[in-house]
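Structure, as structure tokens:
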Amino acid sequence: MKAPLSWILDLVDVPAGTTTEEITDRLTLTGLKLEAIVSPGREITGPLVIGRVLTMEPEPQKNGKTINWCTVDVGDANGTGEPQGIVCGAHNFAPGDLVVTVLPGGVLPGGFEIGARKTYGHLSAGMICSARELGLGEDHDGIIVLPPDAGEPGQDVRPVLGLDEETIEFEVNPDRAYALSLRGIAREVLVSVEGASGFRDPALRDTPAANDEGHPVVVEDAEGCPVFVARRVDGFDPAAATPDFMVQRITAAGMRPISLAVDVTNYVMLETGRPIHGYDADTLQGAIVVRRAREGEKLTTLDGTARTLDPGDLVVTDDSGIIGLGGVMGGETTEISANTTSILVEAAHWDAVSMYRTGRRHKITSEAGKRNERGVDPTICEAAADRVVELLVEHGGGTAHPGVTVVGTPPAMPVVEVAGDLAARVSGMPITEEQSVECLRAVGCDVSGSGTLSVTPPPWRPDLTDAQDFSEEVVRLVGYDKVPSVLPTPPSGRGLTRSQQLRRRIGRTLAGEGYVEVVSFPFVGEADLDALGLAADDPRRDLLRLSNPLNTEAGFMTSTLLPGILRAAGKNVGHGTTDVAIFETGTVTLPRHAGPAAILPVDRRPTDAELEALDAALPAQPLHLALVGTGDAVSGGWWGEARPFSWADAVEAVRAVAAALGLEVTASAVEFAPWHPGRCAELSVDGEVVGHAGEVHPKVCQAFGLPKRTVAAEVDLDLLIARAVHLRTAPTFSSYPVAKEDVALVVDATVPAADVEAALREGAGELLESIRLFDVYTGDQVGEGKKSLAYALRFRAADRTLKEGEAAAARDAAVARAAERTGAVQRA
């Protein structure tokens with residue numbers, strides 16, 4: 001929000017000698033942050049004067065452009081009294097017009113020096129200026145044409161344009177829409193700057209009572225439009241010029257002057273914060289009706305865009321059809337034009353949520369919409385309309401029609417109970433109840449009671465809805481800079497927690513395995529889960545919806561890390577990286593559907609019961625690990641051929657993580673999306689499933705832009721960390737010789753190798769030191785539907801050399817148990 005300082009000081013008095021910097025420092029401390037102090041005249045030096053165009057001769061150029069060779073009367077400003085010859089490329093002026101002229105020796109914003117130079121075959125001695133060249137705005141379509149009574153040629157133009165005016169630019173938070181007006185900023189100066197007084201509210205004025213002579217208005221949706229005020233001005237002169245003060249202030253505020261009728265509505269909007277819309281009254285047909293749009297209805301708005309409306313849009317209609325998107329943008333058919341002599345002024349209050357949704361739906365951004373969607377004072381519609389009528393009559397020669405239409409009443413503000421000592425307890429400052437009451441009344445609140453205060457916020461503050469909002473108002477007025485700074489004393493010597501140490505161990509292990517860590521957004525959409533091939537009843541489809549997502553296509557918290565990491569791998573492959581090995585650790589969100597969470601107090605430590613209730617209402621957020629590998633797991637070269645990733649690499653990566661935590665993972669075959677059937681392993685620790693690993697289904701690979709045979713894994717790290725051996729002891733080694741035994745067992749092809757290995761371990765007993773699967777064979781020699789698994793068994797005792805036959809007996813016991821459990825038959 002850009003606010004000219006003189007406009008602010010028209011509405012509130014500050015002590016003599018108060019500088020602009022002192023004002024902005026106080027406003028920043030109370031939450032209205034300074035962006036910049038702008039004064040265009042500071043960067044302009046040298047002769048900048050009023051010039052009168054005497055002649056202009058159009059001269060077409062070879063490049064298709066037409067320039068104007070002008071002679072301009074600049075009085076004695078050039079030292080000769082002779083007209084100045086100037087080349088100008090604009091065409092929005094004519095002989096006799098007064099223009100802004102900078103002469104040789106002048107310097108414009110940005111260090112642009114002006115001199116006499118030959119161009120287009122003429123010696124151009126100066127420049128006729130546009131608003132952008134003077135730093136007054138972005139308009140560069142034409143030069144500035146001054147009013148006929150602006151002054152005489154040769155006079156300094158700075159006072160006319162207000163170039164010495166200081167304009168303060170503020171950063172306004174979305175919840176403080178009242179500060180998008182000079183009325184709101186002046187009120188902030190009143191409560192922020194010490195000694196400020198004499199606030200003159202531009203919306204505090206006597207207005208005529210409603211009567212039956214005004215334009216008929218029917219509001220069918222009172223929730224969407226609680227208040228609608230209509231006033232009319234007849235006999236308006238459409239050629240009337242906008243007064244200089246209004247042009248200067250609108251321009252300084254960052255808006256472009258257009259015509260008196262439009263400028264007046266913009267001026268009052270900037271002054272009061274209330275958006276105003278004007279209709280050409282002669283184009284209206286019948287009563288105005290406010291309602292919701294119907295399916296398939298269309299409207300061409302003022303920007304010339306034909307729009308198909310949504311049933312959620314609030315529209316303004318008459319007998320001819322829709323004439324405007326309520327609170328967002330008017331329609332073409334009733335637009336004020338250069339021939340308009342009768343103006344119907346609309347000042348209506350619109351539902352902020354509807355305004356926001358309509359603006360985003362139709363991608364319309366406007367100054368009026370920006371204010372309506374944030375919440376505007378609903379009680380000043382009559383005052384704002386009356387102010388517009390007053391200015392149109394005063395400067396446009398019109399007559400105020402006696403009819404006054406007022407439909408509806410402003411919604412009442414809620415009464416909130418606030419503890420009188422809440423601000424003191426929250427801030428730690430010695431704020432008395434009397435100080436709190438004084439501060440709340442200063443910002444416009446109605447306060448009654450003692451001990452527990454009954455506070456009604458002012459109508460221009462819809463953001464004040466909770467007791468903590470009011471305590472914040474008190475604290476910011478007392479001064480954030482006065483809040484005591486007390487740092488908590490950190491406990492010494494604790495270092496990293498057990499969980500942090502183990503997570504670092506996991507990261508180092510995966511890095512050692514050749515994986516690179518990535519971080520992705522924890523947001524997904526239904527399309528991401530469809531791409532994973534999850535069934536309709538898959539529990540991972542139970543998602544937590546975000547109320548304000550960054551991306552409407554990813555409006556949920558993810559229940560699995562796979563979409564994000566697969567997308568990251570796909571982007572790397574798409575950029576030409578053929579060999580990718582990445583991992584991610586992060587939390588997933590699993591809704592508990594326990595109802596809304598209670599708001600905890602901020603002035604004391606929550607009780608254990610309150611914390612437990614909050615935890616029960618929050619979704620579960622377990623820590624997961626996901627990894628993806630595609631391309632070559634081992635690069636090829638002079639040392640040998642490359643080896644591509646296989647499902648076994650995903651399993652082994654998880655096993656390496658488990659081993660780093662002192663755990664052993666068991667893998668068994670399972671079908672589970674998004675993995676390929678028959679190439680997916682269910683991973684367990686001590687009989688509890690912790691995750692899955694294997695080869696990603698080809699359709700999922702295609703959906704994420706990955707090559708076939710891509711592998712992935714996802715495990716629950718919380719489960720692994722809970723079982724981890726935090727401080728591992730060094731292994732002991734036997735100095736006695738090892739006994740080696742190999743066995744080959746034939747089993748059904750559907751029997752998992754992990755089950756056979758588990759049976760062998762159980763049967764071999766305590767002498768078994770290690771077991772390793774070193775060969776898998778299928779073929780005619782073992783029969784159809786069978787496979788041969790060859791294991792290397794190593795036996796050793798810790799305290800002695802094994803006797804002859806001990807290793808063989810242990811081997812036979814292992815084979816017998818495998819036969820009993822899995823139906824294995826030993827091959828000859």
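How things are named: the first chain in the structure tokens is A, the next is B, and so on; residues count from 1 in each chain; ligands count from 1 in the order shown.
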
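Backbone DSSP over stretch 207-352 of chain A yields helix (DSSP H, G or I) at Asp244, Phe245, Met246, Val247, Gln248, Arg249, Ile250, Thr251, Ala252, Leu260, Ala261, Val262, Asp263, Val264, Thr265, Asn266, Tyr267, Val268, Met269, Leu270, Glu271, Thr272, Ala281, Asp282, Thr283, Glu332, Thr333, Thr334 and Ala352 of chain A.
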
Inset, instruction - Enumerate as a ChimeraX atom specification all residues of stretch 82-209 of chain A assigned to strand (DSSP E or B) by DSSP on the backbone, naming them with the chain letters and numbers the document uses. - result: /A:84-88,98-102,107-108,112-113,116-119,122-125,127-128,130,143,145-146,156,167-171,197

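Ranking A:Gly576, A:Gly765, A:Pro275, A:Gly514 by their shortest atom-to-atom distance to A:Ala656, with only C-alpha atoms included, puts A:Gly514 first.
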
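Of the listed residues A:Leu773, A:Leu768, A:Leu29, A:Val345, the one whose atoms come nearest to A:Ala814 is A:Leu768, with distances taken using only C-alpha atoms.
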
Legend entry - For A:Ile128: contacts at 8 Å, only C-alpha atoms, fewer than 2 positions along chain excluded, given as an MDAnalysis selection string: chainID A and resid 86 88 99:102 126 130 143

Legend entry - Proximity to A:Asn551 - best of A:Ser668, A:Phe521, A:Gly785, A:Ala467, only C-alpha atoms: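 Of the candidates, the smallest distance to A:Asn551 is held by A:Phe521.
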
Inset, instruction - Rank A:Ser547, A:Thr666, A:Thr66, A:Asn211 by their smallest atom-to-atom distance to A:Val407, using only C-alpha atoms, and report the top residue only. - result: A:Asn211

All residues 8 Å or closer to stretch 170-179 of chain A, only C-alpha atoms, same chain fewer than 6 positions away omitted, as an mmCIF file with N, CA, C and O atoms, in the first residue's frame:
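Okay, this is what ended up in result.cif:
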```cif
data_model
loop_
_atom_site.group_PDB
_atom_site.id
_atom_site.type_symbol
_atom_site.label_atom_id
_atom_site.label_comp_id
_atom_site.auth_asym_id
_atom_site.auth_seq_id
_atom_site.Cartn_x
_atom_site.Cartn_y
_atom_site.Cartn_z
ATOM 1 N N MET A 1 0.846 -1.178 0.000
ATOM 2 C CA MET A 1 0.000 0.000 0.000
ATOM 3 C C MET A 1 0.887 1.235 0.000
ATOM 4 O O MET A 1 1.750 1.394 0.858
ATOM 5 N N LYS A 2 0.658 2.130 -0.992
ATOM 6 C CA LYS A 2 1.404 3.378 -1.079
ATOM 7 C C LYS A 2 0.524 4.512 -0.568
ATOM 8 O O LYS A 2 -0.603 4.683 -1.043
ATOM 9 N N ALA A 3 1.056 5.284 0.384
ATOM 10 C CA ALA A 3 0.274 6.340 1.017
ATOM 11 C C ALA A 3 1.052 7.643 0.996
ATOM 12 O O ALA A 3 2.107 7.737 1.645
ATOM 13 N N LEU A 32 2.984 -2.449 11.030
ATOM 14 C CA LEU A 32 2.763 -1.962 9.662
ATOM 15 C C LEU A 32 4.138 -1.698 9.066
ATOM 16 O O LEU A 32 4.690 -0.600 9.169
ATOM 17 N N LYS A 33 4.697 -2.707 8.416
ATOM 18 C CA LYS A 33 6.108 -2.692 8.041
ATOM 19 C C LYS A 33 6.385 -1.747 6.873
ATOM 20 O O LYS A 33 5.681 -1.748 5.867
ATOM 21 N N LEU A 34 7.436 -0.950 7.036
ATOM 22 C CA LEU A 34 7.869 -0.031 5.983
ATOM 23 C C LEU A 34 8.570 -0.801 4.867
ATOM 24 O O LEU A 34 9.460 -1.602 5.123
ATOM 25 N N GLU A 35 8.156 -0.535 3.621
ATOM 26 C CA GLU A 35 8.846 -1.075 2.454
ATOM 27 C C GLU A 35 9.803 -0.040 1.866
ATOM 28 O O GLU A 35 10.940 -0.355 1.537
ATOM 29 N N ALA A 36 9.312 1.196 1.714
ATOM 30 C CA ALA A 36 10.151 2.237 1.115
ATOM 31 C C ALA A 36 9.518 3.604 1.356
ATOM 32 O O ALA A 36 8.311 3.711 1.572
ATOM 33 N N ILE A 185 -4.503 3.638 7.774
ATOM 34 C CA ILE A 185 -3.126 4.020 8.082
ATOM 35 C C ILE A 185 -3.111 5.199 9.052
ATOM 36 O O ILE A 185 -2.316 5.240 9.996
ATOM 37 N N GLY A 273 -11.081 2.733 2.066
ATOM 38 C CA GLY A 273 -10.919 1.285 2.006
ATOM 39 C C GLY A 273 -12.125 0.576 1.419
ATOM 40 O O GLY A 273 -12.089 -0.638 1.218
ATOM 41 N N ARG A 371 -9.202 -5.835 -1.715
ATOM 42 C CA ARG A 371 -9.778 -5.371 -0.452
ATOM 43 C C ARG A 371 -10.998 -6.197 -0.062
ATOM 44 O O ARG A 371 -11.151 -6.585 1.102
ATOM 45 N N ARG A 374 -10.299 -9.608 1.531
ATOM 46 C CA ARG A 374 -9.644 -9.590 2.836
ATOM 47 C C ARG A 374 -10.577 -9.107 3.951
ATOM 48 O O ARG A 374 -10.251 -9.254 5.124
ATOM 49 N N GLY A 375 -11.706 -8.533 3.580
ATOM 50 C CA GLY A 375 -12.655 -8.064 4.582
ATOM 51 C C GLY A 375 -12.626 -6.560 4.744
ATOM 52 O O GLY A 375 -11.591 -5.996 5.092
ATOM 53 N N VAL A 376 -13.761 -5.897 4.466
ATOM 54 C CA VAL A 376 -13.867 -4.443 4.500
ATOM 55 C C VAL A 376 -14.914 -4.059 5.537
ATOM 56 O O VAL A 376 -15.834 -4.835 5.836
ATOM 57 N N ASP A 377 -14.792 -2.866 6.081
ATOM 58 C CA ASP A 377 -15.752 -2.356 7.052
ATOM 59 C C ASP A 377 -17.147 -2.321 6.423
ATOM 60 O O ASP A 377 -17.385 -1.581 5.465
ATOM 61 N N TRP A 460 -14.163 -2.684 11.236
ATOM 62 C CA TRP A 460 -13.097 -2.753 10.233
ATOM 63 C C TRP A 460 -12.010 -3.754 10.609
ATOM 64 O O TRP A 460 -11.010 -3.867 9.918
ATOM 65 N N ARG A 461 -12.205 -4.522 11.719
ATOM 66 C CA ARG A 461 -11.199 -5.497 12.139
ATOM 67 C C ARG A 461 -11.795 -6.902 12.201
ATOM 68 O O ARG A 461 -11.921 -7.507 13.269
ATOM 69 N N ASP A 463 -10.364 -9.498 11.590
ATOM 70 C CA ASP A 463 -9.311 -10.433 11.987
ATOM 71 C C ASP A 463 -9.290 -10.685 13.485
ATOM 72 O O ASP A 463 -8.631 -11.625 13.949
#
```

Legend entry - Surrounding residues of stretch 524-530 of chain A excluding itself and chain neighbours under 2 positions, 10 Å, only C-alpha atoms, as a VMD selection string: chain A and resid 521 to 522 532 to 536 538 540 to 541 543 545 551 to 564 567 674 700 703 to 704

Inset, instruction - Please measure the separation of atom CA of A:Lys571 and atom CA of A:Asp632, giving the value in Å to one decimal. - result: 17.1 Å

Inset, instruction - Show which residues sit within 8 Å of A:Thr710, as a list in words. Count only C-alpha atoms, and ignore same-chain residues fewer than 6 positions away. - result: Val628, Gly629, Thr630, Gly631, Phe645, Ser646, Glu695, Val696 and Cys701 of chain A

Selected residues written out with N, CA, C and O atoms, as an mmCIF file, in the first residue's frame:
```cif
data_model
loop_
_atom_site.group_PDB
_atom_site.id
_atom_site.type_symbol
_atom_site.label_atom_id
_atom_site.label_comp_id
_atom_site.auth_asym_id
_atom_site.auth_seq_id
_atom_site.Cartn_x
_atom_site.Cartn_y
_atom_site.Cartn_z
ATOM 1 N N VAL A 628 15.378 -45.432 -4.201
ATOM 2 C CA VAL A 628 15.118 -45.803 -5.602
ATOM 3 C C VAL A 628 16.458 -45.986 -6.295
ATOM 4 O O VAL A 628 17.390 -45.190 -6.092
ATOM 5 N N GLY A 629 16.545 -47.030 -7.105
ATOM 6 C CA GLY A 629 17.729 -47.260 -7.927
ATOM 7 C C GLY A 629 17.324 -47.595 -9.346
ATOM 8 O O GLY A 629 16.407 -48.388 -9.564
ATOM 9 N N THR A 630 17.986 -46.989 -10.322
ATOM 10 C CA THR A 630 17.693 -47.283 -11.723
ATOM 11 C C THR A 630 18.962 -47.132 -12.532
ATOM 12 O O THR A 630 19.872 -46.381 -12.160
ATOM 13 N N GLY A 631 19.050 -47.857 -13.641
ATOM 14 C CA GLY A 631 20.277 -47.852 -14.434
ATOM 15 C C GLY A 631 21.246 -48.887 -13.908
ATOM 16 O O GLY A 631 20.847 -49.984 -13.494
ATOM 17 N N PHE A 645 20.783 -52.433 -11.752
ATOM 18 C CA PHE A 645 20.048 -52.645 -10.510
ATOM 19 C C PHE A 645 19.065 -53.797 -10.681
ATOM 20 O O PHE A 645 18.457 -53.974 -11.734
ATOM 21 N N SER A 646 18.908 -54.583 -9.618
ATOM 22 C CA SER A 646 17.898 -55.634 -9.584
ATOM 23 C C SER A 646 17.154 -55.527 -8.256
ATOM 24 O O SER A 646 17.561 -54.794 -7.346
ATOM 25 N N GLU A 695 11.270 -54.727 -7.336
ATOM 26 C CA GLU A 695 11.249 -54.083 -8.654
ATOM 27 C C GLU A 695 9.909 -53.396 -8.864
ATOM 28 O O GLU A 695 8.849 -53.976 -8.635
ATOM 29 N N VAL A 696 9.962 -52.132 -9.294
ATOM 30 C CA VAL A 696 8.753 -51.332 -9.478
ATOM 31 C C VAL A 696 7.993 -51.837 -10.703
ATOM 32 O O VAL A 696 8.585 -52.211 -11.723
ATOM 33 N N CYS A 701 6.560 -47.350 -13.479
ATOM 34 C CA CYS A 701 7.771 -46.764 -14.074
ATOM 35 C C CYS A 701 7.398 -45.809 -15.206
ATOM 36 O O CYS A 701 7.929 -44.693 -15.307
#
```

Legend entry - Among the residues A:Leu566, A:Val415, A:Leu134, A:Ile431, the one that comes closest to A:Val447 [using only C-alpha atoms]: A:Val415

Legend entry - Non-local contacts of stretch 393-405 of chain A (9 Å; only C-alpha atoms; under 6 positions in same chain excluded) as a PyMOL selection string: chain A and resi 208-217+228-243+260-261+341-342

Inset, instruction - Take atom CA of A:Pro622 and atom CA of A:Glu714 and report the distance between them in Å, one decimal. - result: 12.3 Å

Legend entry - Between atom CA of A:Pro484 and atom CA of A:Arg604, distance in Å (one decimal):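 Between atom CA of A:Pro484 and atom CA of A:Arg604 the gap works out to 16.9 Å.
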